[in-house]
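K.L.:
Below you'll find final-v5.pdb; it's PDB, C-alpha atoms.
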```pdb
ATOM      1  CA  MET A   1       0.000   0.000   0.000  1.00  0.00           C
ATOM      2  CA  ARG A   2       2.831   2.406   0.817  1.00  0.00           C
ATOM      3  CA  ARG A   3       4.427   1.868  -2.592  1.00  0.00           C
ATOM      4  CA  LYS A   4       1.101   2.444  -4.272  1.00  0.00           C
ATOM      5  CA  ASN A   5       0.598   5.683  -2.330  1.00  0.00           C
ATOM      6  CA  LEU A   6       3.814   7.284  -3.594  1.00  0.00           C
ATOM      7  CA  ARG A   7       3.498   5.760  -7.070  1.00  0.00           C
ATOM      8  CA  PHE A   8       0.071   7.358  -7.257  1.00  0.00           C
ATOM      9  CA  LEU A   9       1.583  10.728  -6.409  1.00  0.00           C
ATOM     10  CA  LEU A  10       4.383  10.343  -8.921  1.00  0.00           C
ATOM     11  CA  LEU A  11       2.346   8.985 -11.828  1.00  0.00           C
ATOM     12  CA  SER A  12      -1.116  10.458 -11.381  1.00  0.00           C
ATOM     13  CA  GLY A  13      -2.557  13.608 -12.862  1.00  0.00           C
ATOM     14  CA  LEU A  14      -1.402  15.458  -9.746  1.00  0.00           C
ATOM     15  CA  LEU A  15       2.181  15.376 -10.955  1.00  0.00           C
ATOM     16  CA  ALA A  16       1.226  16.601 -14.406  1.00  0.00           C
ATOM     17  CA  ALA A  17      -1.113  19.225 -13.006  1.00  0.00           C
ATOM     18  CA  LEU A  18       1.497  20.576 -10.602  1.00  0.00           C
ATOM     19  CA  LEU A  19       4.818  20.263 -12.388  1.00  0.00           C
ATOM     20  CA  GLY A  20       3.332  20.744 -15.818  1.00  0.00           C
ATOM     21  CA  CYS A  21       2.204  24.207 -14.820  1.00  0.00           C
ATOM     22  CA  ALA A  22       5.116  24.980 -12.552  1.00  0.00           C
ATOM     23  CA  SER A  23       8.310  26.905 -12.941  1.00  0.00           C
ATOM     24  CA  ALA A  24      11.366  27.325 -10.762  1.00  0.00           C
ATOM     25  CA  PRO A  25      12.730  30.876 -11.002  1.00  0.00           C
ATOM     26  CA  PRO A  26      15.660  30.124 -10.791  1.00  0.00           C
ATOM     27  CA  GLY A  27      16.992  26.743  -9.656  1.00  0.00           C
ATOM     28  CA  PRO A  28      16.423  24.343  -8.098  1.00  0.00           C
ATOM     29  CA  TRP A  29      19.840  24.193  -6.496  1.00  0.00           C
ATOM     30  CA  ARG A  30      21.001  20.874  -5.074  1.00  0.00           C
ATOM     31  CA  ASP A  31      24.170  18.987  -4.263  1.00  0.00           C
ATOM     32  CA  ALA A  32      25.246  15.798  -2.544  1.00  0.00           C
ATOM     33  CA  ALA A  33      28.235  14.203  -0.867  1.00  0.00           C
ATOM     34  CA  PRO A  34      30.398  12.183  -3.292  1.00  0.00           C
ATOM     35  CA  ASP A  35      29.547   8.935  -1.482  1.00  0.00           C
ATOM     36  CA  ALA A  36      25.925   9.847  -0.767  1.00  0.00           C
ATOM     37  CA  SER A  37      24.460   6.778  -2.500  1.00  0.00           C
ATOM     38  CA  ALA A  38      26.405   4.278  -0.397  1.00  0.00           C
ATOM     39  CA  ARG A  39      25.768   6.098   2.872  1.00  0.00           C
ATOM     40  CA  LEU A  40      22.072   6.710   2.289  1.00  0.00           C
ATOM     41  CA  TRP A  41      21.532   3.067   1.319  1.00  0.00           C
ATOM     42  CA  PRO A  42      24.249   1.088   3.125  1.00  0.00           C
ATOM     43  CA  GLU A  43      24.632  -2.671   3.035  1.00  0.00           C
ATOM     44  CA  PRO A  44      22.208  -4.399   5.435  1.00  0.00           C
ATOM     45  CA  GLY A  45      23.554  -4.584   8.988  1.00  0.00           C
ATOM     46  CA  PRO A  46      22.531  -6.374  12.180  1.00  0.00           C
ATOM     47  CA  ARG A  47      19.562  -4.015  12.602  1.00  0.00           C
ATOM     48  CA  PRO A  48      17.364  -2.098  10.177  1.00  0.00           C
ATOM     49  CA  LEU A  49      18.447   1.381   9.143  1.00  0.00           C
ATOM     50  CA  LYS A  50      16.546   4.030  11.107  1.00  0.00           C
ATOM     51  CA  VAL A  51      15.459   7.101   9.155  1.00  0.00           C
ATOM     52  CA  GLY A  52      13.998  10.072  11.044  1.00  0.00           C
ATOM     53  CA  LEU A  53      11.690  12.627   9.465  1.00  0.00           C
ATOM     54  CA  ALA A  54      11.864  15.968  11.237  1.00  0.00           C
ATOM     55  CA  SER A  55       8.618  17.897  11.284  1.00  0.00           C
ATOM     56  CA  LEU A  56       8.236  20.923   9.105  1.00  0.00           C
ATOM     57  CA  LEU A  57       8.164  23.791  11.599  1.00  0.00           C
ATOM     58  CA  ASP A  58       7.242  27.462  11.377  1.00  0.00           C
ATOM     59  CA  VAL A  59       6.134  27.697   7.764  1.00  0.00           C
ATOM     60  CA  ASP A  60       5.991  31.336   6.685  1.00  0.00           C
ATOM     61  CA  PHE A  61       2.501  31.235   5.156  1.00  0.00           C
ATOM     62  CA  SER A  62       0.351  34.021   3.729  1.00  0.00           C
ATOM     63  CA  VAL A  63      -2.670  34.570   1.497  1.00  0.00           C
ATOM     64  CA  GLU A  64      -2.063  37.638  -0.675  1.00  0.00           C
ATOM     65  CA  GLY A  65      -5.648  38.599  -1.395  1.00  0.00           C
ATOM     66  CA  LYS A  66      -9.233  37.780  -0.464  1.00  0.00           C
ATOM     67  CA  CYS A  67     -10.331  34.147  -0.604  1.00  0.00           C
ATOM     68  CA  ASP A  68     -13.372  33.316   1.528  1.00  0.00           C
ATOM     69  CA  SER A  69     -13.427  29.720   0.249  1.00  0.00           C
ATOM     70  CA  CYS A  70      -9.723  28.926   0.790  1.00  0.00           C
ATOM     71  CA  HIS A  71     -10.551  26.680   3.736  1.00  0.00           C
ATOM     72  CA  GLY A  72      -7.244  24.788   3.607  1.00  0.00           C
ATOM     73  CA  ALA A  73      -5.151  27.954   3.542  1.00  0.00           C
ATOM     74  CA  SER A  74      -3.168  27.840   6.773  1.00  0.00           C
ATOM     75  CA  ALA A  75       0.376  27.101   7.869  1.00  0.00           C
ATOM     76  CA  ASN A  76      -0.825  24.235  10.082  1.00  0.00           C
ATOM     77  CA  ASN A  77      -2.643  22.554   7.212  1.00  0.00           C
ATOM     78  CA  TRP A  78       0.338  22.938   4.891  1.00  0.00           C
ATOM     79  CA  GLU A  79       2.720  21.485   7.504  1.00  0.00           C
ATOM     80  CA  PHE A  80       0.364  18.546   8.160  1.00  0.00           C
ATOM     81  CA  GLU A  81       0.024  17.830   4.441  1.00  0.00           C
ATOM     82  CA  TYR A  82       3.775  18.071   3.895  1.00  0.00           C
ATOM     83  CA  ASP A  83       4.657  15.768   6.801  1.00  0.00           C
ATOM     84  CA  ASN A  84       2.240  13.072   5.633  1.00  0.00           C
ATOM     85  CA  ILE A  85       3.301  13.135   1.990  1.00  0.00           C
ATOM     86  CA  LEU A  86       6.980  13.167   2.972  1.00  0.00           C
ATOM     87  CA  ASP A  87       6.305  10.125   5.158  1.00  0.00           C
ATOM     88  CA  SER A  88       4.868   8.235   2.164  1.00  0.00           C
ATOM     89  CA  ALA A  89       7.830   9.260   0.001  1.00  0.00           C
ATOM     90  CA  ALA A  90      10.389   8.177   2.617  1.00  0.00           C
ATOM     91  CA  ARG A  91       8.780   4.753   3.059  1.00  0.00           C
ATOM     92  CA  GLU A  92       9.002   4.249  -0.682  1.00  0.00           C
ATOM     93  CA  LEU A  93      12.640   5.377  -0.799  1.00  0.00           C
ATOM     94  CA  TRP A  94      13.709   3.274   2.219  1.00  0.00           C
ATOM     95  CA  PRO A  95      11.361   0.254   2.074  1.00  0.00           C
ATOM     96  CA  GLU A  96      13.575  -1.905   4.304  1.00  0.00           C
ATOM     97  CA  ALA A  97      14.279   0.814   6.875  1.00  0.00           C
ATOM     98  CA  GLU A  98      12.432   1.819  10.012  1.00  0.00           C
ATOM     99  CA  VAL A  99      11.020   5.249   9.158  1.00  0.00           C
ATOM    100  CA  LEU A 100      10.090   7.355  12.194  1.00  0.00           C
ATOM    101  CA  ARG A 101       8.494  10.768  12.574  1.00  0.00           C
ATOM    102  CA  PHE A 102      11.045  12.636  14.673  1.00  0.00           C
ATOM    103  CA  ALA A 103       8.633  14.854  16.577  1.00  0.00           C
ATOM    104  CA  PRO A 104       7.549  15.266  20.219  1.00  0.00           C
ATOM    105  CA  GLY A 105       4.444  13.242  21.030  1.00  0.00           C
ATOM    106  CA  VAL A 106       4.789  10.971  17.990  1.00  0.00           C
ATOM    107  CA  PRO A 107       5.671   7.446  19.188  1.00  0.00           C
ATOM    108  CA  PRO A 108       8.248   6.415  20.183  1.00  0.00           C
ATOM    109  CA  TYR A 109       9.103   9.997  21.233  1.00  0.00           C
ATOM    110  CA  ASP A 110       7.659  11.488  24.390  1.00  0.00           C
ATOM    111  CA  GLU A 111       5.623  14.672  24.003  1.00  0.00           C
ATOM    112  CA  ASN A 112       7.536  16.206  26.900  1.00  0.00           C
ATOM    113  CA  ASP A 113      10.933  15.683  25.270  1.00  0.00           C
ATOM    114  CA  ALA A 114      11.715  19.260  24.254  1.00  0.00           C
ATOM    115  CA  ARG A 115      15.123  18.215  22.925  1.00  0.00           C
ATOM    116  CA  VAL A 116      13.580  16.737  19.783  1.00  0.00           C
ATOM    117  CA  ASP A 117      12.568  20.072  18.313  1.00  0.00           C
ATOM    118  CA  SER A 118      15.380  22.057  19.916  1.00  0.00           C
ATOM    119  CA  LEU A 119      18.042  19.846  18.321  1.00  0.00           C
ATOM    120  CA  THR A 120      16.482  19.997  14.875  1.00  0.00           C
ATOM    121  CA  ARG A 121      16.057  23.771  15.197  1.00  0.00           C
ATOM    122  CA  LEU A 122      19.749  24.037  16.054  1.00  0.00           C
ATOM    123  CA  MET A 123      20.686  22.034  12.970  1.00  0.00           C
ATOM    124  CA  ARG A 124      18.444  24.232  10.846  1.00  0.00           C
ATOM    125  CA  SER A 125      20.212  27.305  12.209  1.00  0.00           C
ATOM    126  CA  TRP A 126      23.411  26.428  10.338  1.00  0.00           C
ATOM    127  CA  SER A 127      23.613  28.338   7.069  1.00  0.00           C
ATOM    128  CA  GLY A 128      24.314  25.084   5.208  1.00  0.00           C
ATOM    129  CA  SER A 129      20.869  23.754   6.012  1.00  0.00           C
ATOM    130  CA  GLY A 130      18.989  26.990   6.726  1.00  0.00           C
ATOM    131  CA  ASP A 131      18.670  30.316   4.972  1.00  0.00           C
ATOM    132  CA  GLY A 132      22.163  30.146   3.460  1.00  0.00           C
ATOM    133  CA  VAL A 133      21.800  26.731   1.852  1.00  0.00           C
ATOM    134  CA  CYS A 134      21.324  28.271  -1.601  1.00  0.00           C
ATOM    135  CA  GLU A 135      24.585  30.181  -1.580  1.00  0.00           C
ATOM    136  CA  GLY A 136      27.048  28.688  -4.006  1.00  0.00           C
ATOM    137  CA  VAL A 137      24.962  25.592  -4.762  1.00  0.00           C
ATOM    138  CA  ASP A 138      24.784  24.652  -8.425  1.00  0.00           C
ATOM    139  CA  SER A 139      21.607  23.871 -10.357  1.00  0.00           C
ATOM    140  CA  ALA A 140      23.143  20.519 -11.357  1.00  0.00           C
ATOM    141  CA  LEU A 141      23.293  17.667  -8.853  1.00  0.00           C
ATOM    142  CA  VAL A 142      27.018  17.703  -8.131  1.00  0.00           C
ATOM    143  CA  ALA A 143      29.356  16.345  -5.470  1.00  0.00           C
ATOM    144  CA  VAL A 144      30.317  18.649  -2.618  1.00  0.00           C
ATOM    145  CA  GLY A 145      32.142  18.152   0.666  1.00  0.00           C
ATOM    146  CA  TYR A 146      30.588  19.859   3.664  1.00  0.00           C
ATOM    147  CA  ARG A 147      32.340  21.712   6.479  1.00  0.00           C
ATOM    148  CA  VAL A 148      29.983  21.542   9.423  1.00  0.00           C
ATOM    149  CA  PRO A 149      30.525  23.626  12.587  1.00  0.00           C
ATOM    150  CA  PRO A 150      31.340  21.618  15.752  1.00  0.00           C
ATOM    151  CA  GLU A 151      28.098  22.555  17.528  1.00  0.00           C
ATOM    152  CA  ILE A 152      26.021  21.255  14.619  1.00  0.00           C
ATOM    153  CA  ARG A 153      28.035  18.026  14.491  1.00  0.00           C
ATOM    154  CA  ARG A 154      27.418  17.595  18.221  1.00  0.00           C
ATOM    155  CA  ALA A 155      23.678  18.115  17.755  1.00  0.00           C
ATOM    156  CA  ALA A 156      23.618  15.483  15.012  1.00  0.00           C
ATOM    157  CA  GLY A 157      25.620  13.091  17.204  1.00  0.00           C
ATOM    158  CA  THR A 158      23.218  13.641  20.098  1.00  0.00           C
ATOM    159  CA  ILE A 159      20.269  12.697  17.892  1.00  0.00           C
ATOM    160  CA  ALA A 160      22.105   9.577  16.694  1.00  0.00           C
ATOM    161  CA  GLY A 161      23.128   8.490  20.191  1.00  0.00           C
ATOM    162  CA  ARG A 162      20.073   9.415  22.199  1.00  0.00           C
ATOM    163  CA  TYR A 163      17.387   8.432  19.709  1.00  0.00           C
ATOM    164  CA  GLY A 164      19.103   5.691  17.711  1.00  0.00           C
ATOM    165  CA  LEU A 165      18.642   7.312  14.297  1.00  0.00           C
ATOM    166  CA  ASP A 166      21.042   6.863  11.380  1.00  0.00           C
ATOM    167  CA  LEU A 167      19.652   9.377   8.892  1.00  0.00           C
ATOM    168  CA  LEU A 168      17.541  12.498   9.304  1.00  0.00           C
ATOM    169  CA  VAL A 169      15.463  14.198   6.627  1.00  0.00           C
ATOM    170  CA  LEU A 170      15.483  17.814   7.783  1.00  0.00           C
ATOM    171  CA  PRO A 171      13.119  20.338   6.167  1.00  0.00           C
ATOM    172  CA  GLY A 172      14.479  23.856   6.396  1.00  0.00           C
ATOM    173  CA  ARG A 173      13.109  27.320   5.717  1.00  0.00           C
ATOM    174  CA  THR A 174       9.764  27.161   3.934  1.00  0.00           C
ATOM    175  CA  ALA A 175       7.651  30.075   2.729  1.00  0.00           C
ATOM    176  CA  VAL A 176       4.296  29.622   0.991  1.00  0.00           C
ATOM    177  CA  ARG A 177       2.439  32.454  -0.745  1.00  0.00           C
ATOM    178  CA  LEU A 178      -1.061  32.031  -2.165  1.00  0.00           C
ATOM    179  CA  TYR A 179      -2.315  34.549  -4.715  1.00  0.00           C
ATOM    180  CA  PRO A 180      -6.059  33.893  -5.119  1.00  0.00           C
ATOM    181  CA  SER A 181      -7.910  35.111  -8.172  1.00  0.00           C
ATOM    182  CA  GLY A 182     -11.383  36.613  -7.888  1.00  0.00           C
ATOM    183  CA  ASN A 183     -11.967  35.537  -4.269  1.00  0.00           C
ATOM    184  CA  THR A 184     -11.696  31.873  -5.286  1.00  0.00           C
ATOM    185  CA  PRO A 185      -9.180  29.096  -4.436  1.00  0.00           C
ATOM    186  CA  LYS A 186      -7.722  29.496  -7.922  1.00  0.00           C
ATOM    187  CA  GLY A 187      -4.683  31.485  -8.890  1.00  0.00           C
ATOM    188  CA  ARG A 188      -0.983  31.186  -8.185  1.00  0.00           C
ATOM    189  CA  VAL A 189       1.221  29.540  -5.538  1.00  0.00           C
ATOM    190  CA  GLU A 190       4.850  30.436  -4.768  1.00  0.00           C
ATOM    191  CA  ILE A 191       6.954  28.204  -2.511  1.00  0.00           C
ATOM    192  CA  GLU A 192      10.489  28.550  -1.172  1.00  0.00           C
ATOM    193  CA  HIS A 193      11.733  25.328   0.376  1.00  0.00           C
ATOM    194  CA  ARG A 194      15.055  24.126   1.815  1.00  0.00           C
ATOM    195  CA  ALA A 195      15.832  20.540   2.814  1.00  0.00           C
ATOM    196  CA  THR A 196      18.812  18.416   3.832  1.00  0.00           C
ATOM    197  CA  VAL A 197      19.347  14.718   4.489  1.00  0.00           C
ATOM    198  CA  TRP A 198      21.873  14.014   7.237  1.00  0.00           C
ATOM    199  CA  ASP A 199      24.220  11.195   8.164  1.00  0.00           C
ATOM    200  CA  LEU A 200      23.770  11.687  11.895  1.00  0.00           C
ATOM    201  CA  LYS A 201      26.646   9.506  13.062  1.00  0.00           C
ATOM    202  CA  ARG A 202      29.183  11.463  11.004  1.00  0.00           C
ATOM    203  CA  GLY A 203      27.372  14.732  11.648  1.00  0.00           C
ATOM    204  CA  GLU A 204      27.184  15.964   8.078  1.00  0.00           C
ATOM    205  CA  PRO A 205      24.589  16.361   5.328  1.00  0.00           C
ATOM    206  CA  LEU A 206      24.577  13.927   2.423  1.00  0.00           C
ATOM    207  CA  TYR A 207      22.157  15.892   0.240  1.00  0.00           C
ATOM    208  CA  ARG A 208      20.891  19.473   0.142  1.00  0.00           C
ATOM    209  CA  SER A 209      18.054  21.030  -1.838  1.00  0.00           C
ATOM    210  CA  CYS A 210      17.016  24.636  -2.370  1.00  0.00           C
ATOM    211  CA  GLN A 211      13.801  25.096  -4.344  1.00  0.00           C
ATOM    212  CA  ASN A 212      11.893  28.202  -5.415  1.00  0.00           C
ATOM    213  CA  ARG A 213       8.744  27.034  -7.192  1.00  0.00           C
ATOM    214  CA  SER A 214       5.669  28.717  -8.608  1.00  0.00           C
ATOM    215  CA  TRP A 215       2.484  27.152  -9.892  1.00  0.00           C
ATOM    216  CA  LYS A 216      -0.772  28.328 -11.470  1.00  0.00           C
ATOM    217  CA  SER A 217      -3.948  26.388 -10.844  1.00  0.00           C
ATOM    218  CA  SER A 218      -5.747  24.725 -13.722  1.00  0.00           C
ATOM    219  CA  GLY A 219      -8.828  22.565 -14.059  1.00  0.00           C
ATOM    220  CA  ASP A 220     -10.257  21.715 -10.648  1.00  0.00           C
ATOM    221  CA  ARG A 221      -6.944  22.058  -8.803  1.00  0.00           C
ATOM    222  CA  GLN A 222      -7.025  24.487  -5.899  1.00  0.00           C
ATOM    223  CA  ILE A 223      -4.270  26.638  -4.456  1.00  0.00           C
ATOM    224  CA  ASP A 224      -5.231  25.982  -0.817  1.00  0.00           C
ATOM    225  CA  ARG A 225      -4.517  22.230  -0.655  1.00  0.00           C
ATOM    226  CA  MET A 226      -2.189  19.535  -2.016  1.00  0.00           C
ATOM    227  CA  THR A 227       0.533  21.959  -3.125  1.00  0.00           C
ATOM    228  CA  SER A 228       3.320  20.453  -1.002  1.00  0.00           C
ATOM    229  CA  PRO A 229       3.989  17.771  -3.701  1.00  0.00           C
ATOM    230  CA  LEU A 230       5.330  20.651  -5.783  1.00  0.00           C
ATOM    231  CA  VAL A 231       8.516  20.496  -3.677  1.00  0.00           C
ATOM    232  CA  ILE A 232       8.358  16.919  -2.337  1.00  0.00           C
ATOM    233  CA  ILE A 233       8.211  15.233  -5.757  1.00  0.00           C
ATOM    234  CA  PRO A 234      11.481  16.800  -7.038  1.00  0.00           C
ATOM    235  CA  LEU A 235      13.119  16.044  -3.681  1.00  0.00           C
ATOM    236  CA  ALA A 236      12.042  12.390  -3.897  1.00  0.00           C
ATOM    237  CA  ALA A 237      13.192  12.208  -7.529  1.00  0.00           C
ATOM    238  CA  ASP A 238      16.701  13.404  -6.575  1.00  0.00           C
ATOM    239  CA  LEU A 239      16.907  10.878  -3.746  1.00  0.00           C
ATOM    240  CA  ASP A 240      15.718   8.107  -6.047  1.00  0.00           C
ATOM    241  CA  LEU A 241      18.528   9.048  -8.442  1.00  0.00           C
ATOM    242  CA  LEU A 242      20.977   8.634  -5.552  1.00  0.00           C
ATOM    243  CA  ARG A 243      19.396   5.314  -4.597  1.00  0.00           C
ATOM    244  CA  ARG A 244      19.973   4.015  -8.123  1.00  0.00           C
ATOM    245  CA  GLY A 245      23.716   4.633  -7.777  1.00  0.00           C
ATOM    246  CA  TRP A 246      24.266   8.198  -8.915  1.00  0.00           C
ATOM    247  CA  THR A 247      27.835   8.881 -10.020  1.00  0.00           C
ATOM    248  CA  PRO A 248      28.626  12.495  -9.148  1.00  0.00           C
ATOM    249  CA  PRO A 249      30.177  14.911 -11.619  1.00  0.00           C
ATOM    250  CA  GLU A 250      32.630  17.414 -10.254  1.00  0.00           C
ATOM    251  CA  PRO A 251      31.286  20.797  -9.108  1.00  0.00           C
ATOM    252  CA  ARG A 252      31.394  23.504 -11.730  1.00  0.00           C
TER     253      ARG A 252
END
```
Output the file's structure as structure tokens, nothing else.
P.N.:
Amino acid sequence: MRRKNLRFLLLSGLLAALLGCASAPPGPWRDAAPDASARLWPEPGPRPLKVGLASLLDVDFSVEGKCDSCHGASANNWEFEYDNILDSAARELWPEAEVLRFAPGVPPYDENDARVDSLTRLMRSWSGSGDGVCEGVDSALVAVGYRVPPEIRRAAGTIAGRYGLDLLVLPGRTAVRLYPSGNTPKGRVEIEHRATVWDLKRGEPLYRSCQNRSWKSSGDRQIDRMTSPLVIIPLAADLDLLRRGWTPPEPR
């Protein structure tokens, strides 16, 4: 069922409706560690690989105009939609792994464990996975080595040691702008989205993505719901390329 869920997203009219009408001005920018494929999908060990999905926090969300019928237009709804679709994508990408939502109150994590969000917020604060991730990143998927500050490496190591995770998918800065047309849930969507995938034990990212996307509604598609695939589908496509044994070119 999980495979069918993501395959439906990738192959259905949703993909054509979103990406067919979308543009990315400019970008997207993305890069990966030279050995990202082997470290993201290592040889089977004595226990299953554990992949954590950090929650998307603090989406900068706004509706730029009147839309009385945009009932799904809220940051909370967008974050909920994103987290669920990312979960389906991750279970498709790591079918043999244990995929866990890394969020307070989501089993096996205690709702009173404030360190979950504080550690991921600290990792997002680094320019290489936060606002500065786009600086100097090429539009081609190329190989890059990352220099991570000691405090960020320690945060990653704490997550690995305390929570038993190997990899962490870490959404970064996200801004969503809806531009409704004629007080209807039609019009234009603009999304800025940053994401990294971390090798927690080594304390460094294996993949980074910086997307600026825009999309105009068509047919019965609405701007107030199911727009997070606009950034999740390209992210999943890049990771699938790595899974299939991507051989990195040198940075330009």
K.L.:
Could you jot down the CA of Ser228 in chain A to CA of Tyr82 in chain A separation for me, Å, one decimal place?
P.N.:
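Here the two named atoms are 5.5 Å from each other.
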K.L.:
Find the distance between CA of Phe61 in chain A and CA of Cys210 in chain A and write it in Å to one decimal.
P.N.:
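CA of Phe61 in chain A sits 17.6 Å away from CA of Cys210 in chain A.
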K.L.:
When the PyMOL selection byres ((chain A and resi 232-242) around 8) is applied to the structure above, which residues does it catch, written out as a list of chain:residue names?
P.N.:
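Listing what the PyMOL selection byres ((chain A and resi 232-242) around 8) selects in the shown file: A:Leu10, A:Leu15, A:Ala36, A:Ser37, A:Tyr82, A:Ile85, A:Leu86, A:Ala89, A:Ala90, A:Leu93, A:Ser209, A:Ser228, A:Pro229, A:Leu230, A:Val231, A:Arg243, A:Arg244, A:Gly245, A:Trp246.
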K.L.:
For Ala175 in chain A, please output as a list in words all residues within 10 Å (counting all atoms listed in the file; exclusion window: fewer than 2 positions along the same chain).
P.N.:
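Counting all atoms listed in the file, the residues come to Asp58, Val59, Asp60, Phe61, Ser62, Ala75, Gly172, Arg173, Arg177, Glu190, Ile191, Glu192, His193, Arg194 and Asn212 of chain A.
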K.L.:
Could you pull the residues within 12 Å of range 147-151 of chain A, counting all atoms listed in the file, minus those fewer than 4 positions along the same chain, as a PyMOL selection string?
P.N.:
chain A and resi 33+119+122-129+155-158+198-200+202-206
K.L.:
Considering all atoms listed in the file, state which residue in the set A:Asn77, A:Ser118, A:Thr184, A:Thr196 is at the smallest distance from Arg221 in chain A.
P.N.:
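Counting all atoms listed in the file, the residue closest to Arg221 in chain A is A:Thr184.
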K.L.:
Evaluate the PyMOL selection byres ((chain A and resi 48) around 12) here and jot the selected residues down as a tab-separated table (two decimals) with C-alpha atoms, in the frame of the given file.
P.N.:
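The resulting file, selection_3.tsv, is shown below:
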```tsv
chain	number	residue	atom	x	y	z
A	41	TRP	CA	21.53	3.07	1.32
A	42	PRO	CA	24.25	1.09	3.12
A	43	GLU	CA	24.63	-2.67	3.04
A	44	PRO	CA	22.21	-4.40	5.44
A	45	GLY	CA	23.55	-4.58	8.99
A	46	PRO	CA	22.53	-6.37	12.18
A	47	ARG	CA	19.56	-4.01	12.60
A	49	LEU	CA	18.45	1.38	9.14
A	50	LYS	CA	16.55	4.03	11.11
A	51	VAL	CA	15.46	7.10	9.15
A	94	TRP	CA	13.71	3.27	2.22
A	95	PRO	CA	11.36	0.25	2.07
A	96	GLU	CA	13.58	-1.90	4.30
A	97	ALA	CA	14.28	0.81	6.88
A	98	GLU	CA	12.43	1.82	10.01
A	99	VAL	CA	11.02	5.25	9.16
A	164	GLY	CA	19.10	5.69	17.71
A	165	LEU	CA	18.64	7.31	14.30
A	166	ASP	CA	21.04	6.86	11.38
A	167	LEU	CA	19.65	9.38	8.89
```
K.L.:
What does the structure give for the distance between CA of Cys70 in chain A and CA of Ala195 in chain A, in Å to one decimal?
P.N.:
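Atom-to-atom, CA of Cys70 in chain A to CA of Ala195 in chain A, that is 27.0 Å.
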K.L.:
Could you list the residues chosen by the PyMOL selection byres ((chain A and resi 83) around 12) in this structure as JSON, numbers by chain?
P.N.:
{"A": [52, 53, 54, 55, 56, 57, 76, 77, 78, 79, 80, 81, 82, 84, 85, 86, 87, 88, 89, 90, 100, 101, 102, 103, 169, 170, 171, 226, 228, 229, 232]}
K.L.:
Of the candidates A:Pro34, A:Gly130, A:Pro185, A:Gly65, which shows the shortest atom-to-atom distance to Asp220 in chain A, using all atoms listed in the file?
P.N.:
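Of all the options, A:Pro185 lies closest to Asp220 in chain A.
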K.L.:
Which one is closest to Ser214 in chain A: A:Arg188, A:Arg115, A:Arg121, A:Arg162? Count only C-alpha atoms.
P.N.:
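Closest residue, counting only C-alpha atoms: A:Arg188.
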